>>> print(open('final_16.cif').read())   # mmCIF, C-alpha atoms (C1' of nucleotides); chains and numbers go by the auth columns
data_model
loop_
_atom_site.group_PDB
_atom_site.id
_atom_site.type_symbol
_atom_site.label_atom_id
_atom_site.label_comp_id
_atom_site.label_asym_id
_atom_site.label_seq_id
_atom_site.Cartn_x
_atom_site.Cartn_y
_atom_site.Cartn_z
_atom_site.B_iso_or_equiv
_atom_site.auth_seq_id
_atom_site.auth_asym_id
ATOM 1 C CA MET A 1 115.070 20.926 112.511 0.00 1 A
ATOM 2 C CA GLU A 2 112.197 22.582 114.291 0.00 2 A
ATOM 3 C CA ARG A 3 108.692 21.262 114.306 0.00 3 A
ATOM 4 C CA LEU A 4 106.008 23.635 113.041 0.00 4 A
ATOM 5 C CA PRO A 5 103.944 24.879 116.027 0.00 5 A
ATOM 6 C CA ARG A 6 100.185 24.927 116.224 0.00 6 A
ATOM 7 C CA ALA A 7 100.257 28.682 115.557 0.00 7 A
ATOM 8 C CA PHE A 8 101.535 27.925 112.046 0.00 8 A
ATOM 9 C CA PHE A 9 98.316 26.033 111.271 0.00 9 A
ATOM 10 C CA ALA A 10 96.022 28.472 113.088 0.00 10 A
ATOM 11 C CA ARG A 11 96.112 30.940 110.192 0.00 11 A
ATOM 12 C CA PRO A 12 94.169 31.504 106.951 0.00 12 A
ATOM 13 C CA THR A 13 94.206 28.261 104.968 0.00 13 A
ATOM 14 C CA LEU A 14 95.579 29.790 101.772 0.00 14 A
ATOM 15 C CA ALA A 15 98.598 31.134 103.654 0.00 15 A
ATOM 16 C CA VAL A 16 99.165 27.782 105.358 0.00 16 A
ATOM 17 C CA ALA A 17 98.941 25.907 102.057 0.00 17 A
ATOM 18 C CA ARG A 18 101.431 28.224 100.397 0.00 18 A
ATOM 19 C CA ASP A 19 103.814 28.187 103.355 0.00 19 A
ATOM 20 C CA LEU A 20 103.737 24.396 103.641 0.00 20 A
ATOM 21 C CA LEU A 21 105.595 24.207 100.330 0.00 21 A
ATOM 22 C CA GLY A 22 109.205 23.323 101.020 0.00 22 A
ATOM 23 C CA GLN A 23 108.511 22.067 104.560 0.00 23 A
ATOM 24 C CA ARG A 24 109.271 18.520 105.575 0.00 24 A
ATOM 25 C CA LEU A 25 106.491 16.031 106.325 0.00 25 A
ATOM 26 C CA VAL A 26 107.857 13.414 108.719 0.00 26 A
ATOM 27 C CA ARG A 27 106.429 9.993 109.544 0.00 27 A
ATOM 28 C CA VAL A 28 108.002 7.999 112.362 0.00 28 A
ATOM 29 C CA LEU A 29 107.511 4.285 111.743 0.00 29 A
ATOM 30 C CA ASP A 30 108.972 1.818 114.248 0.00 30 A
ATOM 31 C CA GLY A 31 111.527 4.427 115.274 0.00 31 A
ATOM 32 C CA ALA A 32 112.615 5.176 111.707 0.00 32 A
ATOM 33 C CA ARG A 33 111.987 8.460 109.935 0.00 33 A
ATOM 34 C CA ILE A 34 110.317 8.574 106.542 0.00 34 A
ATOM 35 C CA SER A 35 110.073 12.090 105.188 0.00 35 A
ATOM 36 C CA GLY A 36 109.620 14.215 102.121 0.00 36 A
ATOM 37 C CA ARG A 37 109.530 17.832 101.085 0.00 37 A
ATOM 38 C CA ILE A 38 106.007 19.113 100.445 0.00 38 A
ATOM 39 C CA VAL A 39 105.869 20.249 96.818 0.00 39 A
ATOM 40 C CA GLU A 40 102.125 20.357 96.136 0.00 40 A
ATOM 41 C CA ALA A 41 99.168 21.312 98.359 0.00 41 A
ATOM 42 C CA GLU A 42 95.573 22.475 98.018 0.00 42 A
ATOM 43 C CA ALA A 43 93.355 24.573 100.293 0.00 43 A
ATOM 44 C CA TYR A 44 89.792 23.594 101.231 0.00 44 A
ATOM 45 C CA VAL A 45 88.100 26.393 103.090 0.00 45 A
ATOM 46 C CA GLY A 46 84.866 26.226 105.022 0.00 46 A
ATOM 47 C CA GLU A 47 81.291 25.178 104.387 0.00 47 A
ATOM 48 C CA GLY A 48 80.956 27.796 101.654 0.00 48 A
ATOM 49 C CA ASP A 49 83.611 26.036 99.551 0.00 49 A
ATOM 50 C CA ARG A 50 81.655 23.768 97.186 0.00 50 A
ATOM 51 C CA ALA A 51 84.637 21.425 96.836 0.00 51 A
ATOM 52 C CA CYS A 52 85.250 21.107 100.578 0.00 52 A
ATOM 53 C CA HIS A 53 84.070 17.962 102.343 0.00 53 A
ATOM 54 C CA ALA A 54 82.435 20.255 104.896 0.00 54 A
ATOM 55 C CA ARG A 55 80.173 21.806 102.231 0.00 55 A
ATOM 56 C CA SER A 56 77.134 20.020 103.698 0.00 56 A
ATOM 57 C CA GLY A 57 78.040 20.618 107.301 0.00 57 A
ATOM 58 C CA ARG A 58 79.633 18.481 109.955 0.00 58 A
ATOM 59 C CA THR A 59 79.545 14.705 109.547 0.00 59 A
ATOM 60 C CA VAL A 60 81.330 11.755 111.131 0.00 60 A
ATOM 61 C CA ARG A 61 83.767 11.647 108.233 0.00 61 A
ATOM 62 C CA ASN A 62 84.800 15.300 108.176 0.00 62 A
ATOM 63 C CA ALA A 63 84.713 15.926 111.938 0.00 63 A
ATOM 64 C CA ALA A 64 88.487 16.379 112.101 0.00 64 A
ATOM 65 C CA MET A 65 88.220 19.495 109.941 0.00 65 A
ATOM 66 C CA TYR A 66 86.076 21.107 112.626 0.00 66 A
ATOM 67 C CA GLY A 67 88.605 20.299 115.314 0.00 67 A
ATOM 68 C CA PRO A 68 91.654 22.259 116.431 0.00 68 A
ATOM 69 C CA PRO A 69 94.373 23.209 113.929 0.00 69 A
ATOM 70 C CA GLY A 70 97.543 21.187 113.654 0.00 70 A
ATOM 71 C CA HIS A 71 95.689 17.882 113.494 0.00 71 A
ATOM 72 C CA ALA A 72 95.375 15.446 110.583 0.00 72 A
ATOM 73 C CA TYR A 73 92.221 14.799 108.580 0.00 73 A
ATOM 74 C CA VAL A 74 92.579 11.456 106.776 0.00 74 A
ATOM 75 C CA TYR A 75 89.835 9.930 104.683 0.00 75 A
ATOM 76 C CA LEU A 76 89.361 6.977 102.343 0.00 76 A
ATOM 77 C CA ILE A 77 88.639 7.815 98.719 0.00 77 A
ATOM 78 C CA TYR A 78 87.431 5.516 95.940 0.00 78 A
ATOM 79 C CA GLY A 79 87.371 2.657 98.401 0.00 79 A
ATOM 80 C CA MET A 80 91.127 2.178 98.277 0.00 80 A
ATOM 81 C CA HIS A 81 93.244 5.285 98.736 0.00 81 A
ATOM 82 C CA TYR A 82 93.844 7.513 101.734 0.00 82 A
ATOM 83 C CA CYS A 83 94.305 11.272 101.484 0.00 83 A
ATOM 84 C CA LEU A 84 96.107 13.348 104.108 0.00 84 A
ATOM 85 C CA ASN A 85 94.988 16.855 105.060 0.00 85 A
ATOM 86 C CA LEU A 86 96.334 19.180 107.743 0.00 86 A
ATOM 87 C CA VAL A 87 93.630 21.049 109.659 0.00 87 A
ATOM 88 C CA THR A 88 93.894 24.845 109.686 0.00 88 A
ATOM 89 C CA GLU A 89 92.263 27.951 111.185 0.00 89 A
ATOM 90 C CA GLU A 90 90.484 28.099 114.505 0.00 90 A
ATOM 91 C CA GLU A 91 88.605 25.216 116.073 0.00 91 A
ATOM 92 C CA GLY A 92 85.009 25.121 114.838 0.00 92 A
ATOM 93 C CA PHE A 93 85.805 26.446 111.366 0.00 93 A
ATOM 94 C CA PRO A 94 86.195 23.533 108.904 0.00 94 A
ATOM 95 C CA ALA A 95 89.256 24.014 106.734 0.00 95 A
ATOM 96 C CA ALA A 96 92.324 22.006 105.794 0.00 96 A
ATOM 97 C CA VAL A 97 95.211 21.662 103.372 0.00 97 A
ATOM 98 C CA LEU A 98 95.388 18.531 101.207 0.00 98 A
ATOM 99 C CA ILE A 99 98.981 17.337 100.823 0.00 99 A
ATOM 100 C CA ARG A 100 99.225 16.267 97.186 0.00 100 A
ATOM 101 C CA ALA A 101 102.891 15.495 96.582 0.00 101 A
ATOM 102 C CA LEU A 102 106.253 15.020 98.303 0.00 102 A
ATOM 103 C CA GLN A 103 109.835 14.889 97.155 0.00 103 A
ATOM 104 C CA PRO A 104 111.375 11.886 98.992 0.00 104 A
ATOM 105 C CA LEU A 105 114.048 12.757 101.568 0.00 105 A
ATOM 106 C CA GLU A 106 114.628 10.337 104.464 0.00 106 A
ATOM 107 C CA GLY A 107 113.692 6.664 104.744 0.00 107 A
ATOM 108 C CA ARG A 108 113.901 6.062 101.031 0.00 108 A
ATOM 109 C CA ALA A 109 114.339 2.298 101.386 0.00 109 A
ATOM 110 C CA LEU A 110 111.099 2.096 103.367 0.00 110 A
ATOM 111 C CA MET A 111 109.313 4.289 100.847 0.00 111 A
ATOM 112 C CA GLN A 112 110.493 2.115 98.021 0.00 112 A
ATOM 113 C CA ALA A 113 109.292 -0.989 99.862 0.00 113 A
ATOM 114 C CA HIS A 114 105.881 0.598 100.411 0.00 114 A
ATOM 115 C CA ARG A 115 105.726 1.524 96.735 0.00 115 A
ATOM 116 C CA ALA A 116 106.637 -1.924 95.391 0.00 116 A
ATOM 117 C CA GLY A 117 109.279 -1.469 92.746 0.00 117 A
ATOM 118 C CA ARG A 118 108.002 1.750 91.229 0.00 118 A
ATOM 119 C CA PRO A 119 110.436 4.453 90.136 0.00 119 A
ATOM 120 C CA GLU A 120 111.314 7.096 92.720 0.00 120 A
ATOM 121 C CA ARG A 121 109.396 9.875 91.031 0.00 121 A
ATOM 122 C CA GLU A 122 106.191 7.868 91.508 0.00 122 A
ATOM 123 C CA TRP A 123 106.697 7.163 95.200 0.00 123 A
ATOM 124 C CA ALA A 124 104.826 10.212 96.434 0.00 124 A
ATOM 125 C CA ASN A 125 103.646 12.303 93.478 0.00 125 A
ATOM 126 C CA GLY A 126 99.969 12.021 94.380 0.00 126 A
ATOM 127 C CA PRO A 127 97.835 12.212 97.537 0.00 127 A
ATOM 128 C CA GLY A 128 97.062 8.486 97.604 0.00 128 A
ATOM 129 C CA LYS A 129 100.619 7.544 96.716 0.00 129 A
ATOM 130 C CA LEU A 130 102.248 9.561 99.480 0.00 130 A
ATOM 131 C CA CYS A 131 99.944 8.009 102.064 0.00 131 A
ATOM 132 C CA ARG A 132 101.111 4.585 100.925 0.00 132 A
ATOM 133 C CA ALA A 133 104.754 5.619 100.882 0.00 133 A
ATOM 134 C CA LEU A 134 104.504 6.972 104.436 0.00 134 A
ATOM 135 C CA ALA A 135 102.143 4.269 105.729 0.00 135 A
ATOM 136 C CA ILE A 136 99.434 6.772 106.624 0.00 136 A
ATOM 137 C CA ASP A 137 95.968 5.326 107.068 0.00 137 A
ATOM 138 C CA ARG A 138 92.682 6.052 108.781 0.00 138 A
ATOM 139 C CA THR A 139 94.245 5.649 112.209 0.00 139 A
ATOM 140 C CA PHE A 140 95.910 9.031 111.669 0.00 140 A
ATOM 141 C CA ASP A 141 92.573 10.803 111.342 0.00 141 A
ATOM 142 C CA LYS A 142 92.452 13.422 114.136 0.00 142 A
ATOM 143 C CA ALA A 143 96.093 12.748 115.082 0.00 143 A
ATOM 144 C CA ASP A 144 97.766 15.767 116.689 0.00 144 A
ATOM 145 C CA LEU A 145 100.839 16.799 114.682 0.00 145 A
ATOM 146 C CA CYS A 146 101.953 19.034 117.551 0.00 146 A
ATOM 147 C CA ALA A 147 101.908 16.394 120.301 0.00 147 A
ATOM 148 C CA PRO A 148 105.351 15.603 121.752 0.00 148 A
ATOM 149 C CA ASP A 149 104.981 11.929 120.826 0.00 149 A
ATOM 150 C CA ALA A 150 103.435 12.492 117.374 0.00 150 A
ATOM 151 C CA ARG A 151 104.363 9.923 114.742 0.00 151 A
ATOM 152 C CA LEU A 152 103.387 12.365 112.020 0.00 152 A
ATOM 153 C CA PHE A 153 104.432 16.013 111.985 0.00 153 A
ATOM 154 C CA VAL A 154 105.919 18.802 109.863 0.00 154 A
ATOM 155 C CA GLU A 155 109.399 20.274 110.306 0.00 155 A
ATOM 156 C CA ALA A 156 110.541 23.684 109.102 0.00 156 A
ATOM 157 C CA ASP A 157 112.810 23.157 106.123 0.00 157 A
ATOM 158 C CA ALA A 158 113.321 25.110 102.912 0.00 158 A
ATOM 159 C CA ALA A 159 111.381 28.334 102.382 0.00 159 A
ATOM 160 C CA ILE A 160 110.180 28.623 98.796 0.00 160 A
ATOM 161 C CA PRO A 161 110.426 32.126 97.269 0.00 161 A
ATOM 162 C CA ASP A 162 107.291 33.512 95.612 0.00 162 A
ATOM 163 C CA GLY A 163 108.935 33.255 92.215 0.00 163 A
ATOM 164 C CA ALA A 164 109.146 29.479 92.571 0.00 164 A
ATOM 165 C CA VAL A 165 105.513 28.989 93.598 0.00 165 A
ATOM 166 C CA ALA A 166 102.892 28.236 90.953 0.00 166 A
ATOM 167 C CA THR A 167 99.135 28.329 91.555 0.00 167 A
ATOM 168 C CA GLY A 168 96.192 26.885 89.674 0.00 168 A
ATOM 169 C CA PRO A 169 92.744 25.353 90.040 0.00 169 A
ATOM 170 C CA ARG A 170 92.368 22.368 92.329 0.00 170 A
ATOM 171 C CA VAL A 171 92.630 18.890 90.840 0.00 171 A
ATOM 172 C CA GLY A 172 89.526 16.755 90.381 0.00 172 A
ATOM 173 C CA VAL A 173 87.242 19.567 91.430 0.00 173 A
ATOM 174 C CA THR A 174 84.427 20.016 88.953 0.00 174 A
ATOM 175 C CA GLY A 175 81.968 22.859 88.655 0.00 175 A
ATOM 176 C CA ASP A 176 82.080 26.194 86.916 0.00 176 A
ATOM 177 C CA ASP A 177 81.414 28.631 89.723 0.00 177 A
ATOM 178 C CA ALA A 178 84.278 30.986 90.424 0.00 178 A
ATOM 179 C CA ALA A 179 84.871 29.849 93.991 0.00 179 A
ATOM 180 C CA VAL A 180 85.241 26.225 92.960 0.00 180 A
ATOM 181 C CA SER A 181 87.730 26.978 90.205 0.00 181 A
ATOM 182 C CA ALA A 182 89.741 29.380 92.376 0.00 182 A
ATOM 183 C CA PRO A 183 93.541 28.952 92.171 0.00 183 A
ATOM 184 C CA TRP A 184 93.873 27.242 95.529 0.00 184 A
ATOM 185 C CA ARG A 185 96.423 24.684 94.377 0.00 185 A
ATOM 186 C CA PHE A 186 100.037 25.508 95.170 0.00 186 A
ATOM 187 C CA THR A 187 103.051 23.782 93.602 0.00 187 A
ATOM 188 C CA VAL A 188 106.810 24.239 93.619 0.00 188 A
ATOM 189 C CA ARG A 189 108.057 24.850 90.093 0.00 189 A
ATOM 190 C "C1'" DG B 1 67.412 0.415 103.335 0.00 1 B
ATOM 191 C "C1'" DG B 2 69.481 1.022 98.912 0.00 2 B
ATOM 192 C "C1'" DA B 3 71.739 3.582 95.165 0.00 3 B
ATOM 193 C "C1'" DT B 4 75.166 6.712 94.081 0.00 4 B
ATOM 194 C "C1'" DC B 5 79.756 8.407 93.532 0.00 5 B
ATOM 195 C "C1'" DG B 6 84.098 10.453 95.030 0.00 6 B
ATOM 196 C "C1'" DA B 7 89.994 15.969 96.661 0.00 7 B
ATOM 197 C "C1'" DT B 8 92.706 8.444 92.964 0.00 8 B
ATOM 198 C "C1'" DC B 9 95.699 5.031 91.023 0.00 9 B
ATOM 199 C "C1'" DG B 10 97.478 1.774 87.905 0.00 10 B
ATOM 200 C "C1'" DG B 11 96.974 -1.348 84.184 0.00 11 B
ATOM 201 C "C1'" DC B 12 95.726 -1.843 79.528 0.00 12 B
ATOM 202 C "C1'" DT B 13 94.736 -0.160 74.622 0.00 13 B
ATOM 203 C "C1'" DG C 1 93.750 8.177 77.095 0.00 1 C
ATOM 204 C "C1'" DC C 2 90.328 5.235 79.189 0.00 2 C
ATOM 205 C "C1'" DC C 3 88.373 2.337 82.478 0.00 3 C
ATOM 206 C "C1'" DG C 4 87.824 -0.782 86.457 0.00 4 C
ATOM 207 C "C1'" DA C 5 88.804 -1.456 91.387 0.00 5 C
ATOM 208 C "C1'" DT C 6 86.448 -1.121 95.936 0.00 6 C
ATOM 209 C "C1'" DC C 7 83.887 0.868 99.986 0.00 7 C
ATOM 210 C "C1'" DG C 8 81.651 3.730 103.094 0.00 8 C
ATOM 211 C "C1'" DA C 9 79.557 8.248 103.854 0.00 9 C
ATOM 212 C "C1'" DT C 10 75.836 10.613 102.201 0.00 10 C
ATOM 213 C "C1'" DC C 11 71.405 11.359 100.421 0.00 11 C
ATOM 214 C "C1'" DC C 12 66.971 10.153 98.928 0.00 12 C
ATOM 215 C "C1'" DG C 13 62.721 7.620 99.358 0.00 13 C
#
>>> encode(input="final_16.cif", output="structure tokens")
Amino acid sequence: MERLPRAFFARPTLAVARDLLGQRLVRVLDGARISGRIVEAEAYVGEGDRACHARSGRTVRNAAMYGPPGHAYVYLIYGMHYCLNLVTEEEGFPAAVLIRALQPLEGRALMQAHRAGRPEREWANGPGKLCRALAIDRTFDKADLCAPDARLFVEADAAIPDGAVATGPRVGVTGDDAAVSAPWRFTVR
DNA sequence: GGATCGATCGGCT
DNA sequence: GCCGATCGATCCG
């Protein structure tokens, strides 16, 4: 399968988030592939987006979002979970897609081991869970998904027809202004 | 320098 | 359904 090129990420974030559905997120760990189909993603777009980590400008933590597209932005949340984002749009404009859920494909034994005895449907059905399942941590922050030797990247897989895509407000985002409650969450039905 | 709290998860009631 | 874990970036004084 073909790896998604940087040009795929260098587009409007909403389009990237929607088009990531059905694609395959691949983690190479000690030569083995662990992968899953992306089935849920959310867009975070620019300093004007009240829910975006870049809402207060550039900081050490969110620097990756200001970098070139096709890189990872990984951060620690609640002191114990990592969340994986894929940086979009042109360099200098802070935007990214949060990967919220995967359907397990390859490397299932490794995923299961990383998820300690939990049932398969709970291996990667949340942003913190999928990072554990794929062994993604802070060291992947700013990693280039388009580098030839990348250990984390996205491969073109199944295209999801519009009829199978659902949208809604982003999870865990509070506030009543229209921009914050915009339907920037994309899921596969 | 210190208090606050988050794009979450899992265990317990 | 609710709540505690756990920590570092951010913000305020």
>>> closest_residue(input="final_16.cif", among="A:Pro5, A:Gly48, A:Gly22, A:Pro69", to="Val188 in chain A", atoms="only C-alpha atoms")
A:Gly22
>>> residues_near_point(input="final_16.cif", point="(92.7, 9.3, 108.9)", cutoff="7 Å", atoms="all atoms listed in the file", output="number ranges by chain")
A: 72-75, 137-142
>>> resolve_selection(input="final_16.cif", expression="the PyMOL selection byres ((chain B) within 10 of (chain A))", output="list in words")
DC5, DG6, DA7, DT8 and DC9 of chain B
>>> atom_distance(input="final_16.cif", atom1="CA of Gly163 in chain A", atom2="CA of Asp19 in chain A")
13.3 Å
>>> interface_residues(input="final_16.cif", of="chain C", to="chain A", cutoff="9 Å", atoms="all atoms listed in the file", output="count of residues only")
5
>>> residues_near_point(input="final_16.cif", point="(102.6, 12.9, 117.7)", cutoff="12 Å", atoms="all atoms listed in the file", output="ChimeraX atom specification")
/A:3,26-29,70-72,140,142-154
>>> resolve_selection(input="final_16.cif", expression="the PyMOL selection byres ((chain A and resi 187) around 6)", output="count of residues only")
6
>>> resolve_selection(input="final_16.cif", expression="the PyMOL selection byres ((chain C and resi 11) around 10)", output="ChimeraX atom specification")
/B:3-4 /C:9-10,12-13
>>> residues_around(input="final_16.cif", residues="DG11 in chain B", least_positions_apart="5", cutoff="12 Å", atoms="all atoms listed in the file", output="PDB file with C-alpha atoms (C1' of nucleotides), keeping the file's coordinate frame")
ATOM      1  C1'  DC C   2      90.328   5.235  79.189  1.00  0.00           C
ATOM      2  C1'  DC C   3      88.373   2.337  82.478  1.00  0.00           C
ATOM      3  C1'  DG C   4      87.824  -0.782  86.457  1.00  0.00           C
ATOM      4  C1'  DA C   5      88.804  -1.456  91.387  1.00  0.00           C
TER       5       DA C   5
END
